[in-house]
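Undergrad: Take a look at this one; I'll ask things after.
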Amino acid sequence: MLNVEKIRLMAQLSIYERKEGKEILETSRHFKGDYISRRLLTSAIYYTLCFILITIVLTIINLEEVLLHLNIPFIMASLHTILFIYLIGMVIMLLIAYVRYNAKFDSAHRKSLFYAAKLDKLLRMQENEDDILDITEDESEYYKETGGRIRIYDDKRNTWETVKPRFHTIVKHVGREEDIDEKNSDLHYTPVRNGSYRSQTPKGGWLDEPSDSRYSTRKDSLSTSVPQGGWLDEDLEDDDDDGLEILSINRKDK
Amino acid sequence: MLRVKEYLQKFYTENDYWTLPVVKAVTAFLCFLTVNSRVGFSDVLSNPLISFAASILCSFLPWTCIPVFFCLFILGNAYAASLEITLVAVVVLLLASLIQSAFRAGNAVLIALVPLFFYIHIPYVLPIIAGLSLGLMSIVPISIGIMLYYFIEYMAGHTAVAAAQGDITAMATAYAGLFGNLFKDKEAIVAILAFALCVVVVFIISQIPFDESWIVAAGAGILTTATTTFLGHMHFGLETSFIEMLPGLLLSCIVSIVYVFAFHAVDYQRTERLRFEDDDYVYFVKAVPKLKSENEDD
């Protein structure tokens, strides 16, 4: 079945990828230190090439003077000066490059977190159609952009219909007392939800059963109540029309 | 004003599939035309058809290709002029490309745009636009552009270089003269300094959040450029032609104000055509950017 929310999220992802993908990919392949040192190395090489070129040109300009003083002490002295200038320039260049690429990596890393949040939500939507995505407060910033209401254009009646998302994100306030199993994120999202357990609970409990009773009851209360503070990703804006126009959807040949 | 802005935005969003290539082609054509009109030594390259074909090529290639073609045009014309000039051109262009890639500065179009704007006498617009919307790193391509402008001027002035054949010392002296004249051009140094300062000032002021910060930034930028140029010329003892600069400055002022009105707080997003797939389907989606009307209160 086609899931409008999913299409919307996929479109968002696709746009994001087109705009920022290059940067994200480049930074996500390296650790921060590696990324910066690679960039520093390339800028050092370019700087050296530039310096050599400029030195040659300057020598040609002052060729007469050079030819006049063509003796060992003069050459040594000028080499010293050139080396000195080169090193100072190199230090300045590397400092600038370090500051710049440090900032660049941080911004790209942030972008990649937004991207990962969208991907994560999409993955979980594929796993189960109607669901709740629990996230911690730290992550909430990145998940904000992933949802919202969707408007669908009805061709026949010429009207817009607002579809509320079935897949929600809420911010979970993580207690410190939760054990490691709890925090291992995937376990929250794979419990069997139809409430039709017939078998007996094994000793020690289901591995994938939510330990908090809130989780198992949420499904029933979903249609009526809204959690405190509301869903994170609902009603971002009043007229939330993303302007998605679906040109065509083709079933894949298999 | 807001309505005009909104109209522009809407127009761009709906028609971007043909406006962008046309703008690219026109920009490229104008750039190539400036080279050919100033230093059109080569008969082949001076042919407007060649420029036209190159600009058509640029229309669907990325923006970066415009400066590349621009440099090729310069090189070709230099080759037609004389071998010495070609050598100088190669060195200058190599230096330019090295500097540009050393900083990974981006916005390489500016390299070709700076000479163009110098020839239509409103070069002071560019640092302002760059400072407002392109960031600090645009100092690098702007400086390279200024360098190329003075190089083109230099090429136009030094068509015939008499390099004595055979005698190495004489040849070396000739080359020393060639490079010396180019690299000791005080006017170019002053211009580079002024433009860089302007970019910095405009960038800093435009980042401070207060009302009309963009207009203030543009004004401050123009003032900075004018004073720096003036002081620089005084310092190096060049003839100051402030009266000649004045119309250019005024025009630049007007153009930058128009730019501020047209582009401030407007997001010219493009309509994206996307294709993505999941396990079962392939989706073709056109994503039209949302247009918020800002003047709902009016």
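Chain labels follow the order of the structure tokens: the first chain is A, the next B, and so on; residue numbering restarts at 1 in every chain, and ligands are counted from 1 in their shown order.
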Tell me as a ChimeraX atom specification which residues belonging to chain B come within 10 Å of chain A, counting only C-alpha atoms.

TA: /B:88,91-92,94-104,137,169,172-181,183-184,271-292

Undergrad: Export N, CA and C atoms of the chosen residues as a CSV table (one decimal), in the first residue's frame?

TA:
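Wrote selection.csv, looks like this:
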```
chain,number,residue,atom,x,y,z
B,88,VAL,N,53.3,34.7,-19.8
B,88,VAL,CA,52.8,35.5,-18.6
B,88,VAL,C,51.4,35.0,-18.3
B,91,VAL,N,51.4,31.7,-16.5
B,91,VAL,CA,51.8,31.9,-15.1
B,91,VAL,C,50.7,32.5,-14.2
B,92,VAL,N,50.1,33.5,-14.7
B,92,VAL,CA,49.0,34.2,-14.0
B,92,VAL,C,47.8,33.3,-13.8
B,94,LEU,N,47.8,30.0,-13.9
B,94,LEU,CA,48.1,28.9,-13.0
B,94,LEU,C,48.1,29.4,-11.5
B,95,LEU,N,48.6,30.5,-11.3
B,95,LEU,CA,48.6,31.1,-9.9
B,95,LEU,C,47.2,31.2,-9.5
B,96,ALA,N,46.3,31.8,-10.4
B,96,ALA,CA,44.9,32.0,-10.0
B,96,ALA,C,44.2,30.6,-9.6
B,97,SER,N,44.5,29.6,-10.5
B,97,SER,CA,43.8,28.4,-10.2
B,97,SER,C,44.4,27.7,-8.9
B,98,LEU,N,45.7,27.9,-8.7
B,98,LEU,CA,46.3,27.3,-7.5
B,98,LEU,C,45.7,28.0,-6.2
B,99,ILE,N,45.6,29.3,-6.3
B,99,ILE,CA,45.1,30.0,-5.1
B,99,ILE,C,43.6,29.6,-4.9
B,100,GLN,N,42.9,29.5,-5.9
B,100,GLN,CA,41.4,29.2,-5.8
B,100,GLN,C,41.3,27.8,-5.2
B,101,SER,N,42.1,26.8,-5.7
B,101,SER,CA,41.9,25.5,-5.1
B,101,SER,C,42.6,25.4,-3.8
B,102,ALA,N,43.6,26.2,-3.4
B,102,ALA,CA,44.2,26.1,-2.1
B,102,ALA,C,43.1,26.4,-1.1
B,103,PHE,N,42.3,27.5,-1.4
B,103,PHE,CA,41.3,27.9,-0.4
B,103,PHE,C,40.0,27.1,-0.5
B,104,ARG,N,39.9,26.4,-1.6
B,104,ARG,CA,38.6,25.7,-1.9
B,104,ARG,C,37.5,26.7,-1.7
B,137,MET,N,34.6,33.7,2.4
B,137,MET,CA,35.5,33.1,1.5
B,137,MET,C,35.5,33.6,0.1
B,169,THR,N,70.5,37.4,-21.3
B,169,THR,CA,70.4,38.5,-20.3
B,169,THR,C,69.3,39.4,-20.8
B,172,ALA,N,65.9,37.9,-20.4
B,172,ALA,CA,65.5,37.8,-19.0
B,172,ALA,C,65.1,39.2,-18.5
B,173,THR,N,65.8,40.2,-19.0
B,173,THR,CA,65.4,41.6,-18.6
B,173,THR,C,64.0,41.9,-19.2
B,174,ALA,N,63.8,41.4,-20.4
B,174,ALA,CA,62.5,41.7,-21.0
B,174,ALA,C,61.4,41.0,-20.1
B,175,TYR,N,61.6,39.8,-19.8
B,175,TYR,CA,60.6,39.1,-18.9
B,175,TYR,C,60.4,39.8,-17.6
B,176,ALA,N,61.6,40.2,-17.0
B,176,ALA,CA,61.5,40.9,-15.7
B,176,ALA,C,60.6,42.1,-15.8
B,177,GLY,N,60.8,42.8,-16.9
B,177,GLY,CA,60.0,44.0,-17.2
B,177,GLY,C,58.5,43.6,-17.2
B,178,LEU,N,58.2,42.5,-18.0
B,178,LEU,CA,56.9,42.1,-18.2
B,178,LEU,C,56.2,41.8,-16.8
B,179,PHE,N,56.9,40.9,-16.1
B,179,PHE,CA,56.3,40.5,-14.8
B,179,PHE,C,56.2,41.6,-13.8
B,180,GLY,N,57.3,42.4,-13.8
B,180,GLY,CA,57.4,43.5,-12.9
B,180,GLY,C,56.3,44.5,-13.0
B,181,ASN,N,56.0,44.8,-14.3
B,181,ASN,CA,54.9,45.8,-14.5
B,181,ASN,C,53.6,45.2,-14.0
B,183,PHE,N,53.1,42.7,-11.7
B,183,PHE,CA,52.9,42.4,-10.2
B,183,PHE,C,53.1,43.6,-9.3
B,184,LYS,N,53.7,44.7,-9.9
B,184,LYS,CA,53.9,45.8,-9.1
B,184,LYS,C,52.8,46.9,-9.4
B,271,THR,N,12.3,24.5,-7.8
B,271,THR,CA,11.5,23.3,-7.9
B,271,THR,C,12.3,22.1,-8.1
B,272,GLU,N,12.1,21.1,-7.3
B,272,GLU,CA,13.0,19.9,-7.4
B,272,GLU,C,12.2,18.8,-8.1
B,273,ARG,N,12.8,18.2,-9.0
B,273,ARG,CA,12.2,17.0,-9.6
B,273,ARG,C,13.0,15.8,-9.0
B,274,LEU,N,12.2,14.9,-8.4
B,274,LEU,CA,12.9,13.8,-7.6
B,274,LEU,C,12.5,12.5,-8.2
B,275,ARG,N,13.4,11.6,-8.0
B,275,ARG,CA,13.1,10.2,-8.3
B,275,ARG,C,13.7,9.3,-7.2
B,276,PHE,N,12.8,8.6,-6.6
B,276,PHE,CA,13.4,7.7,-5.5
B,276,PHE,C,12.5,6.4,-5.5
B,277,GLU,N,13.0,5.5,-4.8
B,277,GLU,CA,12.3,4.2,-4.9
B,277,GLU,C,12.4,3.5,-3.5
B,278,ASP,N,11.4,2.7,-3.2
B,278,ASP,CA,11.5,1.8,-2.1
B,278,ASP,C,11.4,0.4,-2.6
B,279,ASP,N,11.0,-0.5,-1.8
B,279,ASP,CA,11.1,-1.9,-2.2
B,279,ASP,C,10.1,-2.2,-3.3
B,280,ASP,N,9.0,-1.6,-3.3
B,280,ASP,CA,7.9,-1.9,-4.3
B,280,ASP,C,7.8,-1.0,-5.4
B,281,TYR,N,8.0,0.3,-5.2
B,281,TYR,CA,7.6,1.3,-6.2
B,281,TYR,C,8.8,2.2,-6.5
B,282,VAL,N,8.6,2.8,-7.7
B,282,VAL,CA,9.5,3.9,-8.0
B,282,VAL,C,8.7,5.2,-8.1
B,283,TYR,N,9.1,6.2,-7.4
B,283,TYR,CA,8.3,7.4,-7.3
B,283,TYR,C,8.9,8.5,-8.1
B,284,PHE,N,8.1,9.2,-8.8
B,284,PHE,CA,8.5,10.4,-9.5
B,284,PHE,C,7.8,11.6,-8.9
B,285,VAL,N,8.5,12.5,-8.2
B,285,VAL,CA,7.8,13.5,-7.5
B,285,VAL,C,8.4,14.9,-7.8
B,286,LYS,N,7.5,15.8,-8.0
B,286,LYS,CA,7.9,17.2,-8.2
B,286,LYS,C,7.6,18.0,-6.9
B,287,ALA,N,8.7,18.5,-6.3
B,287,ALA,CA,8.5,19.2,-5.1
B,287,ALA,C,8.6,20.7,-5.3
B,288,VAL,N,7.4,21.4,-5.1
B,288,VAL,CA,7.4,22.8,-5.4
B,288,VAL,C,7.6,23.5,-4.0
B,289,PRO,N,8.5,24.4,-3.9
B,289,PRO,CA,8.7,25.1,-2.6
B,289,PRO,C,7.5,25.8,-2.2
B,290,LYS,N,7.3,25.8,-0.9
B,290,LYS,CA,6.1,26.5,-0.3
B,290,LYS,C,6.3,28.0,-0.4
B,291,LEU,N,5.3,28.7,-0.8
B,291,LEU,CA,5.4,30.2,-0.8
B,291,LEU,C,4.5,30.7,0.3
B,292,LYS,N,5.2,31.4,1.2
B,292,LYS,CA,4.5,32.0,2.3
B,292,LYS,C,4.2,33.5,1.9
```

Undergrad: Taking the backbone alone, and naming residues the way the document does, which bits of range 26-184 of chain B are helix (DSSP H, G or I) by DSSP, as a PyMOL selection string?

TA: chain B and resi 26-39+43-46+48-60+65-81+83-103+109-119+125-133+136-157+168-183

Undergrad: Would you put the residues from that selection into a file with C-alpha atoms, as a short mmCIF file (atom, residue, chain, number, x, y, z; two decimals), in the first residue's frame?

TA:
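After the write, selection27.cif holds the following:
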```
data_model
loop_
_atom_site.label_atom_id
_atom_site.label_comp_id
_atom_site.auth_asym_id
_atom_site.auth_seq_id
_atom_site.Cartn_x
_atom_site.Cartn_y
_atom_site.Cartn_z
CA VAL B 26 23.78 35.49 -20.97
CA THR B 27 26.33 35.89 -18.16
CA ALA B 28 28.80 33.67 -19.96
CA PHE B 29 28.28 35.47 -23.27
CA LEU B 30 28.83 38.88 -21.70
CA CYS B 31 31.98 37.67 -19.98
CA PHE B 32 33.43 36.25 -23.18
CA LEU B 33 32.44 39.38 -25.04
CA THR B 34 34.41 41.56 -22.62
CA VAL B 35 37.54 39.50 -23.22
CA ASN B 36 37.13 39.62 -26.95
CA SER B 37 36.35 43.31 -27.13
CA ARG B 38 39.34 44.21 -24.98
CA VAL B 39 42.00 41.77 -26.13
CA ASP B 43 40.54 36.02 -35.22
CA VAL B 44 38.97 32.69 -34.48
CA LEU B 45 38.03 33.45 -30.90
CA SER B 46 36.84 36.94 -31.71
CA PRO B 48 30.93 36.10 -31.90
CA LEU B 49 29.68 32.70 -33.00
CA ILE B 50 32.41 31.02 -30.96
CA SER B 51 31.49 33.02 -27.87
CA PHE B 52 27.89 32.19 -28.52
CA ALA B 53 28.58 28.48 -28.81
CA ALA B 54 30.68 28.54 -25.65
CA SER B 55 27.94 30.30 -23.73
CA ILE B 56 25.37 27.80 -24.96
CA LEU B 57 27.68 25.12 -23.62
CA CYS B 58 27.89 26.95 -20.31
CA SER B 59 24.13 27.18 -20.04
CA PHE B 60 23.78 23.57 -19.06
CA CYS B 65 32.62 26.29 -16.17
CA ILE B 66 32.17 29.97 -16.96
CA PRO B 67 35.49 31.07 -15.39
CA VAL B 68 37.21 28.06 -16.96
CA PHE B 69 36.06 29.07 -20.44
CA PHE B 70 36.88 32.66 -19.56
CA CYS B 71 40.47 31.71 -18.80
CA LEU B 72 40.66 29.66 -21.98
CA PHE B 73 39.56 32.70 -23.96
CA ILE B 74 42.25 34.81 -22.34
CA LEU B 75 44.85 32.15 -23.04
CA GLY B 76 43.79 31.77 -26.66
CA ASN B 77 43.95 35.48 -27.28
CA ALA B 78 47.30 35.70 -25.56
CA TYR B 79 48.62 32.96 -27.79
CA ALA B 80 47.46 34.88 -30.83
CA ALA B 81 49.19 38.01 -29.54
CA LEU B 83 54.55 33.95 -27.13
CA GLU B 84 55.82 36.12 -24.28
CA ILE B 85 52.34 37.22 -23.33
CA THR B 86 51.23 33.59 -23.44
CA LEU B 87 53.92 32.69 -20.95
CA VAL B 88 52.85 35.45 -18.62
CA ALA B 89 49.22 34.43 -19.04
CA VAL B 90 50.01 30.82 -18.22
CA VAL B 91 51.80 31.86 -15.05
CA VAL B 92 49.00 34.21 -13.99
CA LEU B 93 46.23 31.71 -14.68
CA LEU B 94 48.15 28.91 -12.98
CA LEU B 95 48.60 31.10 -9.94
CA ALA B 96 44.91 31.97 -10.00
CA SER B 97 43.79 28.37 -10.17
CA LEU B 98 46.25 27.32 -7.48
CA ILE B 99 45.06 29.99 -5.10
CA GLN B 100 41.44 29.19 -5.80
CA SER B 101 41.93 25.50 -5.12
CA ALA B 102 44.17 26.10 -2.12
CA PHE B 103 41.34 27.86 -0.36
CA VAL B 109 31.83 32.59 -11.14
CA LEU B 110 32.99 35.72 -9.40
CA ILE B 111 36.35 35.34 -11.15
CA ALA B 112 34.71 35.93 -14.48
CA LEU B 113 32.17 38.41 -13.17
CA VAL B 114 34.65 40.85 -11.64
CA PRO B 115 36.26 41.85 -14.96
CA LEU B 116 32.81 42.09 -16.56
CA PHE B 117 31.59 44.43 -13.82
CA PHE B 118 34.78 46.47 -14.09
CA TYR B 119 34.06 47.06 -17.75
CA VAL B 125 28.48 45.97 -6.44
CA LEU B 126 30.20 42.62 -6.35
CA PRO B 127 31.91 42.73 -2.94
CA ILE B 128 28.64 43.90 -1.45
CA ILE B 129 26.62 41.09 -2.97
CA ALA B 130 29.32 38.61 -2.01
CA GLY B 131 29.45 39.87 1.55
CA LEU B 132 25.69 39.79 1.86
CA SER B 133 25.02 36.35 0.52
CA LEU B 136 33.77 35.59 3.72
CA MET B 137 35.50 33.06 1.51
CA SER B 138 34.34 34.94 -1.59
CA ILE B 139 37.23 37.32 -0.96
CA VAL B 140 39.47 34.83 -2.76
CA PRO B 141 37.63 34.63 -6.11
CA ILE B 142 37.04 38.39 -6.05
CA SER B 143 40.74 39.06 -5.58
CA ILE B 144 41.58 36.67 -8.39
CA GLY B 145 39.01 38.40 -10.57
CA ILE B 146 40.62 41.78 -9.91
CA MET B 147 43.99 40.27 -10.76
CA LEU B 148 42.61 38.97 -14.05
CA TYR B 149 41.03 42.34 -14.85
CA TYR B 150 44.34 44.12 -14.46
CA PHE B 151 45.99 41.36 -16.42
CA ILE B 152 43.57 41.86 -19.30
CA GLU B 153 44.21 45.60 -19.17
CA TYR B 154 47.89 44.87 -19.16
CA MET B 155 47.58 42.54 -22.13
CA ALA B 156 45.71 45.21 -24.06
CA GLY B 157 48.52 47.68 -23.38
CA ILE B 168 69.77 35.43 -22.51
CA THR B 169 70.36 38.46 -20.34
CA ALA B 170 68.31 40.68 -22.60
CA MET B 171 65.51 38.14 -22.70
CA ALA B 172 65.55 37.84 -18.96
CA THR B 173 65.40 41.59 -18.60
CA ALA B 174 62.47 41.68 -20.98
CA TYR B 175 60.60 39.10 -18.94
CA ALA B 176 61.52 40.89 -15.73
CA GLY B 177 59.96 43.99 -17.16
CA LEU B 178 56.86 42.06 -18.17
CA PHE B 179 56.28 40.48 -14.79
CA GLY B 180 57.42 43.51 -12.87
CA ASN B 181 54.91 45.78 -14.53
CA LEU B 182 52.16 43.31 -13.81
CA PHE B 183 52.91 42.38 -10.23
#
```
